[in-house]
>>> print(open('structure_18.csv').read())   # CSV, N, CA and C atoms
chain,number,residue,atom,x,y,z
A,1,MET,N,123.5,33.1,219.4
A,1,MET,CA,123.1,34.0,218.3
A,1,MET,C,123.4,35.5,218.6
A,2,LEU,N,123.1,35.9,219.8
A,2,LEU,CA,123.3,37.3,220.2
A,2,LEU,C,124.8,37.6,220.2
A,3,THR,N,125.6,36.6,220.6
A,3,THR,CA,127.1,36.9,220.6
A,3,THR,C,127.6,37.1,219.2
A,4,THR,N,127.1,36.3,218.3
A,4,THR,CA,127.5,36.5,216.9
A,4,THR,C,127.0,37.8,216.4
A,5,LYS,N,125.8,38.2,216.7
A,5,LYS,CA,125.3,39.5,216.2
A,5,LYS,C,126.1,40.6,216.8
A,6,TYR,N,126.4,40.6,218.1
A,6,TYR,CA,127.2,41.7,218.6
A,6,TYR,C,128.7,41.7,218.1
A,7,THR,N,129.2,40.5,217.8
A,7,THR,CA,130.5,40.4,217.2
A,7,THR,C,130.5,41.1,215.8
A,8,LEU,N,129.5,40.7,215.0
A,8,LEU,CA,129.4,41.3,213.7
A,8,LEU,C,129.1,42.8,213.8
A,9,ALA,N,128.3,43.2,214.7
A,9,ALA,CA,128.0,44.6,214.8
A,9,ALA,C,129.2,45.4,215.2
A,10,GLY,N,130.0,44.9,216.1
A,10,GLY,CA,131.2,45.6,216.5
A,10,GLY,C,132.2,45.6,215.5
A,11,GLY,N,132.4,44.5,214.8
A,11,GLY,CA,133.5,44.3,213.9
A,11,GLY,C,133.3,45.1,212.6
A,12,ILE,N,132.0,45.3,212.2
A,12,ILE,CA,131.8,46.0,210.9
A,12,ILE,C,131.2,47.4,211.1
A,13,ALA,N,131.2,47.9,212.3
A,13,ALA,CA,130.6,49.2,212.5
A,13,ALA,C,131.4,50.3,211.8
A,14,ALA,N,132.7,50.2,211.8
A,14,ALA,CA,133.5,51.2,211.0
A,14,ALA,C,133.2,51.0,209.5
A,15,LEU,N,133.0,49.8,209.0
A,15,LEU,CA,132.8,49.6,207.6
A,15,LEU,C,131.4,50.2,207.2
A,16,ALA,N,130.5,50.1,208.1
A,16,ALA,CA,129.1,50.7,207.9
A,16,ALA,C,129.3,52.2,207.7
A,17,LEU,N,130.1,52.8,208.5
A,17,LEU,CA,130.3,54.3,208.4
A,17,LEU,C,130.9,54.6,207.1
A,18,LEU,N,131.9,53.8,206.6
A,18,LEU,CA,132.5,54.0,205.4
A,18,LEU,C,131.5,53.9,204.2
A,19,ALA,N,130.6,53.0,204.3
A,19,ALA,CA,129.7,52.7,203.3
A,19,ALA,C,128.4,53.6,203.3
A,20,ALA,N,128.2,54.3,204.4
A,20,ALA,CA,127.0,55.1,204.6
A,20,ALA,C,126.8,56.0,203.4
A,21,GLY,N,125.6,56.0,202.9
A,21,GLY,CA,125.3,57.0,201.9
A,21,GLY,C,125.7,56.5,200.5
A,22,THR,N,126.3,55.3,200.3
A,22,THR,CA,126.6,54.9,199.0
A,22,THR,C,125.5,54.3,198.2
A,23,ALA,N,124.5,53.8,198.9
A,23,ALA,CA,123.3,53.3,198.3
A,23,ALA,C,122.1,53.4,199.3
A,24,SER,N,120.9,53.6,198.7
A,24,SER,CA,119.8,53.7,199.6
A,24,SER,C,119.4,52.4,200.2
A,25,ALA,N,119.1,52.3,201.4
A,25,ALA,CA,118.6,51.1,202.1
A,25,ALA,C,117.2,50.7,201.6
A,26,GLN,N,117.0,49.4,201.5
A,26,GLN,CA,115.7,48.9,201.0
A,26,GLN,C,115.1,48.3,202.2
A,27,SER,N,113.8,48.3,202.3
A,27,SER,CA,113.1,47.7,203.4
A,27,SER,C,112.7,46.2,203.0
A,28,ALA,N,112.7,45.9,201.8
A,28,ALA,CA,112.3,44.5,201.4
A,28,ALA,C,113.4,43.5,201.7
A,29,PRO,N,113.1,42.3,202.1
A,29,PRO,CA,114.1,41.3,202.4
A,29,PRO,C,114.9,41.0,201.2
A,30,LEU,N,116.1,40.6,201.4
A,30,LEU,CA,117.0,40.2,200.3
A,30,LEU,C,116.5,38.9,199.7
A,31,ASN,N,116.6,38.8,198.4
A,31,ASN,CA,116.3,37.5,197.8
A,31,ASN,C,117.5,36.6,197.7
A,32,TYR,N,117.4,35.4,197.2
A,32,TYR,CA,118.5,34.4,197.1
A,32,TYR,C,119.7,35.0,196.5
A,33,GLN,N,119.6,35.6,195.3
A,33,GLN,CA,120.7,36.1,194.6
A,33,GLN,C,121.4,37.3,195.3
A,34,GLN,N,120.6,38.1,196.0
A,34,GLN,CA,121.2,39.2,196.8
A,34,GLN,C,121.9,38.7,198.0
A,35,HIS,N,121.5,37.6,198.6
A,35,HIS,CA,122.2,37.0,199.7
A,35,HIS,C,123.6,36.5,199.2
A,36,LEU,N,123.6,35.9,198.0
A,36,LEU,CA,124.8,35.4,197.4
A,36,LEU,C,125.8,36.6,197.1
A,37,THR,N,125.2,37.6,196.5
A,37,THR,CA,125.9,38.8,196.2
A,37,THR,C,126.5,39.5,197.4
A,38,CYS,N,125.8,39.6,198.5
A,38,CYS,CA,126.3,40.2,199.7
A,38,CYS,C,127.4,39.3,200.3
A,39,SER,N,127.2,38.0,200.3
A,39,SER,CA,128.3,37.1,200.8
A,39,SER,C,129.6,37.3,199.9
A,40,ALA,N,129.4,37.5,198.6
A,40,ALA,CA,130.6,37.7,197.8
A,40,ALA,C,131.2,39.1,198.1
A,41,MET,N,130.4,40.1,198.3
A,41,MET,CA,130.9,41.4,198.6
A,41,MET,C,131.7,41.4,199.9
A,42,PHE,N,131.1,40.7,201.0
A,42,PHE,CA,131.8,40.7,202.2
A,42,PHE,C,133.2,39.9,202.1
A,43,PHE,N,133.2,38.9,201.3
A,43,PHE,CA,134.4,38.1,201.1
A,43,PHE,C,135.4,39.0,200.4
A,44,ALA,N,135.0,39.7,199.3
A,44,ALA,CA,135.9,40.5,198.6
A,44,ALA,C,136.4,41.6,199.4
A,45,PHE,N,135.6,42.2,200.3
A,45,PHE,CA,136.0,43.3,201.1
A,45,PHE,C,137.0,42.8,202.2
A,46,SER,N,136.8,41.6,202.6
A,46,SER,CA,137.7,41.0,203.6
A,46,SER,C,139.1,40.9,203.0
A,47,LYS,N,139.2,40.8,201.7
A,47,LYS,CA,140.5,40.6,201.1
A,47,LYS,C,141.3,41.9,201.0
A,48,ILE,N,140.7,43.0,201.1
A,48,ILE,CA,141.4,44.3,201.0
A,48,ILE,C,141.5,45.0,202.3
A,49,GLN,N,141.1,44.3,203.4
A,49,GLN,CA,141.2,44.9,204.7
A,49,GLN,C,142.5,44.5,205.4
A,50,ALA,N,143.0,45.4,206.2
A,50,ALA,CA,144.3,45.2,206.9
A,50,ALA,C,144.0,44.8,208.4
A,51,ASP,N,142.9,45.3,209.0
A,51,ASP,CA,142.6,45.1,210.4
A,51,ASP,C,142.1,43.7,210.6
A,52,PRO,N,142.7,42.9,211.4
A,52,PRO,CA,142.3,41.5,211.6
A,52,PRO,C,140.9,41.4,212.1
A,53,GLU,N,140.4,42.3,212.9
A,53,GLU,CA,139.1,42.3,213.5
A,53,GLU,C,138.0,42.5,212.4
A,54,ASP,N,138.4,43.5,211.4
A,54,ASP,CA,137.5,43.7,210.3
A,54,ASP,C,137.4,42.5,209.4
A,55,VAL,N,138.6,41.9,209.2
A,55,VAL,CA,138.6,40.7,208.3
A,55,VAL,C,137.8,39.6,208.9
A,56,SER,N,137.9,39.4,210.2
A,56,SER,CA,137.2,38.3,210.9
A,56,SER,C,135.7,38.6,210.8
A,57,ALA,N,135.3,39.8,211.1
A,57,ALA,CA,133.8,40.2,211.0
A,57,ALA,C,133.3,40.0,209.6
A,58,LEU,N,134.1,40.4,208.6
A,58,LEU,CA,133.6,40.2,207.2
A,58,LEU,C,133.5,38.8,206.8
A,59,GLU,N,134.4,38.0,207.3
A,59,GLU,CA,134.4,36.5,207.0
A,59,GLU,C,133.1,35.9,207.7
A,60,ALA,N,132.8,36.3,208.9
A,60,ALA,CA,131.6,35.9,209.6
A,60,ALA,C,130.4,36.3,208.9
A,61,ALA,N,130.4,37.5,208.4
A,61,ALA,CA,129.2,38.0,207.6
A,61,ALA,C,129.0,37.2,206.3
A,62,THR,N,130.2,36.9,205.7
A,62,THR,CA,130.1,36.0,204.5
A,62,THR,C,129.4,34.7,204.8
A,63,GLY,N,129.7,34.1,205.9
A,63,GLY,CA,129.1,32.8,206.3
A,63,GLY,C,127.6,33.0,206.7
A,64,VAL,N,127.3,34.1,207.4
A,64,VAL,CA,125.9,34.3,207.7
A,64,VAL,C,125.0,34.4,206.4
A,65,MET,N,125.5,35.2,205.5
A,65,MET,CA,124.7,35.4,204.2
A,65,MET,C,124.7,34.1,203.4
A,66,LEU,N,125.7,33.3,203.4
A,66,LEU,CA,125.7,32.0,202.7
A,66,LEU,C,124.6,31.1,203.4
A,67,ASN,N,124.7,31.0,204.7
A,67,ASN,CA,123.7,30.2,205.4
A,67,ASN,C,122.3,30.6,205.2
A,68,ARG,N,122.0,31.9,205.1
A,68,ARG,CA,120.7,32.4,204.9
A,68,ARG,C,120.3,32.1,203.4
A,69,ALA,N,121.2,32.2,202.5
A,69,ALA,CA,120.9,31.9,201.1
A,69,ALA,C,120.5,30.5,201.0
A,70,GLN,N,121.2,29.6,201.6
A,70,GLN,CA,121.0,28.2,201.6
A,70,GLN,C,119.6,27.8,202.1
A,71,ALA,N,119.1,28.6,203.1
A,71,ALA,CA,117.8,28.4,203.7
A,71,ALA,C,116.6,28.9,202.9
A,72,LEU,N,116.9,29.7,201.9
A,72,LEU,CA,115.8,30.2,201.1
A,72,LEU,C,115.2,29.2,200.1
A,73,PRO,N,113.9,29.4,199.8
A,73,PRO,CA,113.2,28.5,198.9
A,73,PRO,C,114.0,28.4,197.5
A,74,ALA,N,114.6,29.4,197.0
A,74,ALA,CA,115.3,29.4,195.8
A,74,ALA,C,116.5,28.4,195.8
A,75,ALA,N,116.9,28.1,197.0
A,75,ALA,CA,118.1,27.2,197.1
A,75,ALA,C,117.7,25.7,197.2
A,76,ARG,N,116.4,25.5,197.3
A,76,ARG,CA,115.9,24.1,197.4
A,76,ARG,C,116.4,23.3,196.2
A,77,GLY,N,117.0,22.1,196.5
A,77,GLY,CA,117.5,21.3,195.4
A,77,GLY,C,119.0,21.5,195.1
A,78,LEU,N,119.5,22.6,195.7
A,78,LEU,CA,120.9,22.9,195.5
A,78,LEU,C,121.7,22.4,196.7
A,79,SER,N,122.9,21.9,196.4
A,79,SER,CA,123.7,21.5,197.5
A,79,SER,C,124.4,22.7,198.1
A,80,GLU,N,125.0,22.5,199.3
A,80,GLU,CA,125.8,23.6,199.9
A,80,GLU,C,126.9,24.0,199.0
A,81,ASP,N,127.6,23.0,198.4
A,81,ASP,CA,128.7,23.3,197.5
A,81,ASP,C,128.2,24.2,196.3
A,82,GLN,N,127.0,23.9,195.8
A,82,GLN,CA,126.5,24.7,194.6
A,82,GLN,C,126.2,26.2,195.0
A,83,VAL,N,125.7,26.4,196.2
A,83,VAL,CA,125.5,27.7,196.7
A,83,VAL,C,126.8,28.4,196.9
A,84,ILE,N,127.7,27.8,197.5
A,84,ILE,CA,129.1,28.4,197.7
A,84,ILE,C,129.7,28.7,196.4
A,85,GLU,N,129.6,27.8,195.4
A,85,GLU,CA,130.3,28.0,194.1
A,85,GLU,C,129.7,29.2,193.4
A,86,ALA,N,128.4,29.4,193.6
A,86,ALA,CA,127.7,30.6,193.0
A,86,ALA,C,128.2,31.9,193.6
A,87,ALA,N,128.4,31.9,194.9
A,87,ALA,CA,128.9,33.0,195.6
A,87,ALA,C,130.4,33.3,195.2
A,88,VAL,N,131.2,32.2,195.1
A,88,VAL,CA,132.6,32.3,194.7
A,88,VAL,C,132.7,32.9,193.3
A,89,ALA,N,131.8,32.5,192.4
A,89,ALA,CA,131.9,33.0,191.0
A,89,ALA,C,131.6,34.5,191.0
A,90,GLU,N,130.7,35.0,191.9
A,90,GLU,CA,130.5,36.4,191.9
A,90,GLU,C,131.6,37.1,192.6
A,91,ALA,N,132.2,36.5,193.7
A,91,ALA,CA,133.4,37.1,194.3
A,91,ALA,C,134.5,37.3,193.4
A,92,VAL,N,134.7,36.3,192.5
A,92,VAL,CA,135.8,36.4,191.5
A,92,VAL,C,135.5,37.6,190.6
A,93,GLN,N,134.3,37.8,190.2
A,93,GLN,CA,133.9,39.0,189.3
A,93,GLN,C,134.2,40.3,190.1
A,94,ILE,N,133.8,40.4,191.3
A,94,ILE,CA,134.1,41.6,192.1
A,94,ILE,C,135.6,41.8,192.2
A,95,MET,N,136.3,40.8,192.6
A,95,MET,CA,137.8,40.9,192.8
A,95,MET,C,138.5,41.3,191.5
A,96,GLU,N,138.0,40.9,190.3
A,96,GLU,CA,138.6,41.3,189.0
A,96,GLU,C,138.4,42.8,188.9
A,97,ARG,N,137.2,43.3,189.2
A,97,ARG,CA,137.0,44.7,189.1
A,97,ARG,C,137.8,45.5,190.1
A,98,VAL,N,137.9,45.0,191.4
A,98,VAL,CA,138.7,45.6,192.4
A,98,VAL,C,140.1,45.7,192.0
A,99,ASP,N,140.7,44.6,191.5
A,99,ASP,CA,142.1,44.5,191.1
A,99,ASP,C,142.4,45.5,190.0
A,100,ALA,N,141.4,45.8,189.2
A,100,ALA,CA,141.6,46.7,188.1
A,100,ALA,C,141.8,48.2,188.5
A,101,GLN,N,141.4,48.4,189.8
A,101,GLN,CA,141.5,49.8,190.3
A,101,GLN,C,142.9,50.1,190.9
A,102,SER,N,143.3,51.3,190.8
A,102,SER,CA,144.6,51.6,191.3
A,102,SER,C,144.7,52.1,192.7
A,103,GLY,N,143.7,52.8,193.2
A,103,GLY,CA,143.7,53.3,194.6
A,103,GLY,C,142.8,52.6,195.5
A,104,MET,N,143.0,52.6,196.8
A,104,MET,CA,142.2,51.9,197.7
A,104,MET,C,140.7,52.5,197.7
A,105,THR,N,140.6,53.8,197.6
A,105,THR,CA,139.2,54.4,197.5
A,105,THR,C,138.5,53.8,196.4
A,106,ALA,N,139.1,53.7,195.2
A,106,ALA,CA,138.4,53.2,194.0
A,106,ALA,C,138.1,51.7,194.2
A,107,LYS,N,139.0,51.0,194.8
A,107,LYS,CA,138.8,49.5,195.1
A,107,LYS,C,137.6,49.4,196.0
A,108,GLN,N,137.5,50.2,197.1
A,108,GLN,CA,136.4,50.1,198.0
A,108,GLN,C,135.1,50.5,197.3
A,109,GLN,N,135.1,51.5,196.5
A,109,GLN,CA,133.9,51.9,195.8
A,109,GLN,C,133.3,50.8,194.9
A,110,VAL,N,134.1,50.0,194.3
A,110,VAL,CA,133.6,48.9,193.5
A,110,VAL,C,132.7,48.0,194.4
A,111,ILE,N,133.2,47.7,195.6
A,111,ILE,CA,132.5,46.8,196.5
A,111,ILE,C,131.3,47.6,197.1
A,112,TYR,N,131.4,48.8,197.5
A,112,TYR,CA,130.3,49.6,198.1
A,112,TYR,C,129.1,49.6,197.2
A,113,SER,N,129.4,49.7,195.9
A,113,SER,CA,128.3,49.9,194.9
A,113,SER,C,127.8,48.7,194.2
A,114,TRP,N,128.4,47.5,194.5
A,114,TRP,CA,128.1,46.3,193.8
A,114,TRP,C,126.7,45.8,194.3
A,115,GLY,N,125.9,45.2,193.4
A,115,GLY,CA,124.7,44.6,193.8
A,115,GLY,C,123.7,45.5,194.6
A,116,PRO,N,123.2,45.1,195.7
A,116,PRO,CA,122.3,45.9,196.5
A,116,PRO,C,123.0,47.0,197.2
A,117,GLY,N,124.3,47.1,197.2
A,117,GLY,CA,125.1,48.1,197.9
A,117,GLY,C,125.6,47.5,199.2
A,118,LEU,N,126.7,47.9,199.6
A,118,LEU,CA,127.3,47.4,200.9
A,118,LEU,C,126.5,47.8,202.1
A,119,ASP,N,125.9,49.0,202.1
A,119,ASP,CA,125.1,49.4,203.2
A,119,ASP,C,123.9,48.5,203.4
A,120,ARG,N,123.3,48.2,202.3
A,120,ARG,CA,122.1,47.3,202.4
A,120,ARG,C,122.5,45.9,202.9
A,121,CYS,N,123.7,45.4,202.5
A,121,CYS,CA,124.2,44.1,202.9
A,121,CYS,C,124.5,44.1,204.4
A,122,LEU,N,125.1,45.2,204.8
A,122,LEU,CA,125.4,45.4,206.3
A,122,LEU,C,124.1,45.4,207.1
A,123,GLU,N,123.2,46.1,206.6
A,123,GLU,CA,121.9,46.2,207.3
A,123,GLU,C,121.3,44.8,207.4
A,124,ALA,N,121.3,44.1,206.3
A,124,ALA,CA,120.7,42.8,206.2
A,124,ALA,C,121.4,41.8,207.1
A,125,VAL,N,122.7,41.8,207.2
A,125,VAL,CA,123.4,40.8,207.9
A,125,VAL,C,123.2,41.0,209.4
A,126,LEU,N,122.9,42.2,209.8
A,126,LEU,CA,122.6,42.5,211.2
A,126,LEU,C,121.2,42.3,211.6
A,127,GLU,N,120.3,42.1,210.7
A,127,GLU,CA,118.9,41.8,211.0
A,127,GLU,C,118.7,40.4,211.5
A,128,GLU,N,117.8,40.2,212.4
A,128,GLU,CA,117.4,38.9,212.9
A,128,GLU,C,116.6,38.2,211.9
A,129,GLU,N,116.9,37.0,211.5
A,129,GLU,CA,116.0,36.3,210.6
A,129,GLU,C,115.7,34.9,211.1
>>> encode(input="structure_18.csv", output="structure tokens")
Amino acid sequence: MLTTKYTLAGGIAALALLAAGTASAQSAPLNYQQHLTCSAMFFAFSKIQADPEDVSALEAATGVMLNRAQALPAARGLSEDQVIEAAVAEAVQIMERVDAQSGMTAKQQVIYSWGPGLDRCLEAVLEEE
């Protein structure tokens, strides 16, 4: 687990700097829907990154958030496929908005400000749970 945490921390450190200040961090734990949203945001962000290390870290963060969502009480009775499908549906919405933007800064801003905000998602994915 520590290796995964350090890999995530190293791979998304630059992304955290980019997202800093875009939304205020919350101290309350993320709920089921926010975990799904964060996983969708990480996935969408991975699709507009060029650096393979950033892409890999974002894909790993996507998996971490999906696994955490699956473990929450709100996911009881849902299959893994249903949880993934819910996150994919949100990722599609994000990507539609991202694709409608003309510049990379505007594309990134869509993701930074989606749901709880990218900085909160980054903070959450690095927390021990």
>>> residues_around(input="structure_18.csv", residues="Val64 (chain A)", least_positions_apart="4", cutoff="9 Å", atoms="only C-alpha atoms", output="ChimeraX atom specification")
/A:39,59-60,68-69,125
>>> write_last_selection(input="structure_18.csv", atoms="N, CA and C atoms", output="PDB file, keeping the file's coordinate frame")
ATOM      1  N   SER A  39     127.200  38.000 200.300  1.00  0.00           N
ATOM      2  CA  SER A  39     128.300  37.100 200.800  1.00  0.00           C
ATOM      3  C   SER A  39     129.600  37.300 199.900  1.00  0.00           C
ATOM      4  N   GLU A  59     134.400  38.000 207.300  1.00  0.00           N
ATOM      5  CA  GLU A  59     134.400  36.500 207.000  1.00  0.00           C
ATOM      6  C   GLU A  59     133.100  35.900 207.700  1.00  0.00           C
ATOM      7  N   ALA A  60     132.800  36.300 208.900  1.00  0.00           N
ATOM      8  CA  ALA A  60     131.600  35.900 209.600  1.00  0.00           C
ATOM      9  C   ALA A  60     130.400  36.300 208.900  1.00  0.00           C
ATOM     10  N   ARG A  68     122.000  31.900 205.100  1.00  0.00           N
ATOM     11  CA  ARG A  68     120.700  32.400 204.900  1.00  0.00           C
ATOM     12  C   ARG A  68     120.300  32.100 203.400  1.00  0.00           C
ATOM     13  N   ALA A  69     121.200  32.200 202.500  1.00  0.00           N
ATOM     14  CA  ALA A  69     120.900  31.900 201.100  1.00  0.00           C
ATOM     15  C   ALA A  69     120.500  30.500 201.000  1.00  0.00           C
ATOM     16  N   VAL A 125     122.700  41.800 207.200  1.00  0.00           N
ATOM     17  CA  VAL A 125     123.400  40.800 207.900  1.00  0.00           C
ATOM     18  C   VAL A 125     123.200  41.000 209.400  1.00  0.00           C
TER      19      VAL A 125
END
>>> residues_around(input="structure_18.csv", residues="region 105-113 of chain A", least_positions_apart="3", cutoff="7 Å", atoms="all atoms listed in the file", output="PyMOL selection string")
chain A and resi 19+22-23+41+45+94+97-99+101-102+116-119
>>> closest_residue(input="structure_18.csv", among="A:Ala44, A:Met95, A:Ala87, A:Leu78", to="Leu58 (chain A)", atoms="only N, CA and C atoms")
A:Ala44
